[in-house]
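Participant: The following block contains the structure, expressed as structure tokens.
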Amino acid sequence: MNGESDLVSAAHVEKRLCALIDSAVRIVDEETEAIRRGGAKDLDKFIERKGQALVSLDRQLKAAAQLRHEGALAGRLRTLREALQRNSRYLQINIDAVSEVSRMIVRSIEASRSDGTYAQPRLWNDRS
């Protein structure tokens, strides 16, 4: 009878893990879509939600270390990995855009503070 209860318990843990993974994927995909549409103005909220979801998932995965990551669980973990990779690419694009804007602002401030007498010549497209 102990083997039967272990199977029920393992099934329950796997179901809980799958639900947590699905939730994490939804949050990551929402953030990715918001960035894709226009640079997500509320990234802090997404970061908090994504962090909470991933911490909960990590805790459950550690607690369920005895489970084999196969079948539905393995598929969901692959989906999560793919969602995180997409998210990472869009976050990097966003970071690159913000960096470029800040370089432009710095150049503009530097140009407005100087009459150019002592400044070294600088090309507008110079990224340094």
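Ordered as shown in the structure tokens, chains take letters A, B, and onward, while each chain numbers its residues from 1 and ligands are numbered from 1 in the order shown.
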Please list as a list in words every residue within 12 Å of Ala64 in chain A, counting only C-alpha atoms and excluding residues in the same chain fewer than 5 positions away.

Facilitator: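 With the cut-off at 12 Å, the set is Ser9, Ala10, Ala11, His12, Val13, Glu14, Lys15, Arg16, Leu17, Leu57, Asp58, Arg59, His69 and Leu73 of chain A.
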
Participant: With a distance cut-off of 9 Å and only C-alpha atoms, select the neighbouring residues of Lys50 in chain A, excluding the residue or stretch itself and same-chain residues fewer than 3 positions from it, and output the selection as number ranges by chain.

Facilitator: A: 24-25, 27-28, 31, 45-47, 53-55

Participant: Using only C-alpha atoms, which of A:Ile93, A:Glu110, A:Arg103, A:Ile21 sits nearest Leu61 in chain A?

Facilitator: A:Ile21

Participant: Name the closest residue to Lys41 in chain A among the candidates A:Ala111, A:Glu70, A:Asn94, A:Glu100; distances are taken between atoms, counting only C-alpha atoms.

Facilitator: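 Of A:Ala111, A:Glu70, A:Asn94, A:Glu100, the one nearest Lys41 in chain A is A:Asn94, counting only C-alpha atoms.
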
Participant: Using CA of Met104 in chain A and CA of Tyr90 in chain A as the two end points, give the distance in Å to one decimal.

Facilitator: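 Calculated distance between CA of Met104 in chain A and CA of Tyr90 in chain A is 21.3 Å.
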
Participant: Could you jot down the CA of Ile95 in chain A to CA of Arg36 in chain A separation for me, Å, one decimal place?

Facilitator: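 About the pair CA of Ile95 in chain A and CA of Arg36 in chain A: they are 12.5 Å apart.
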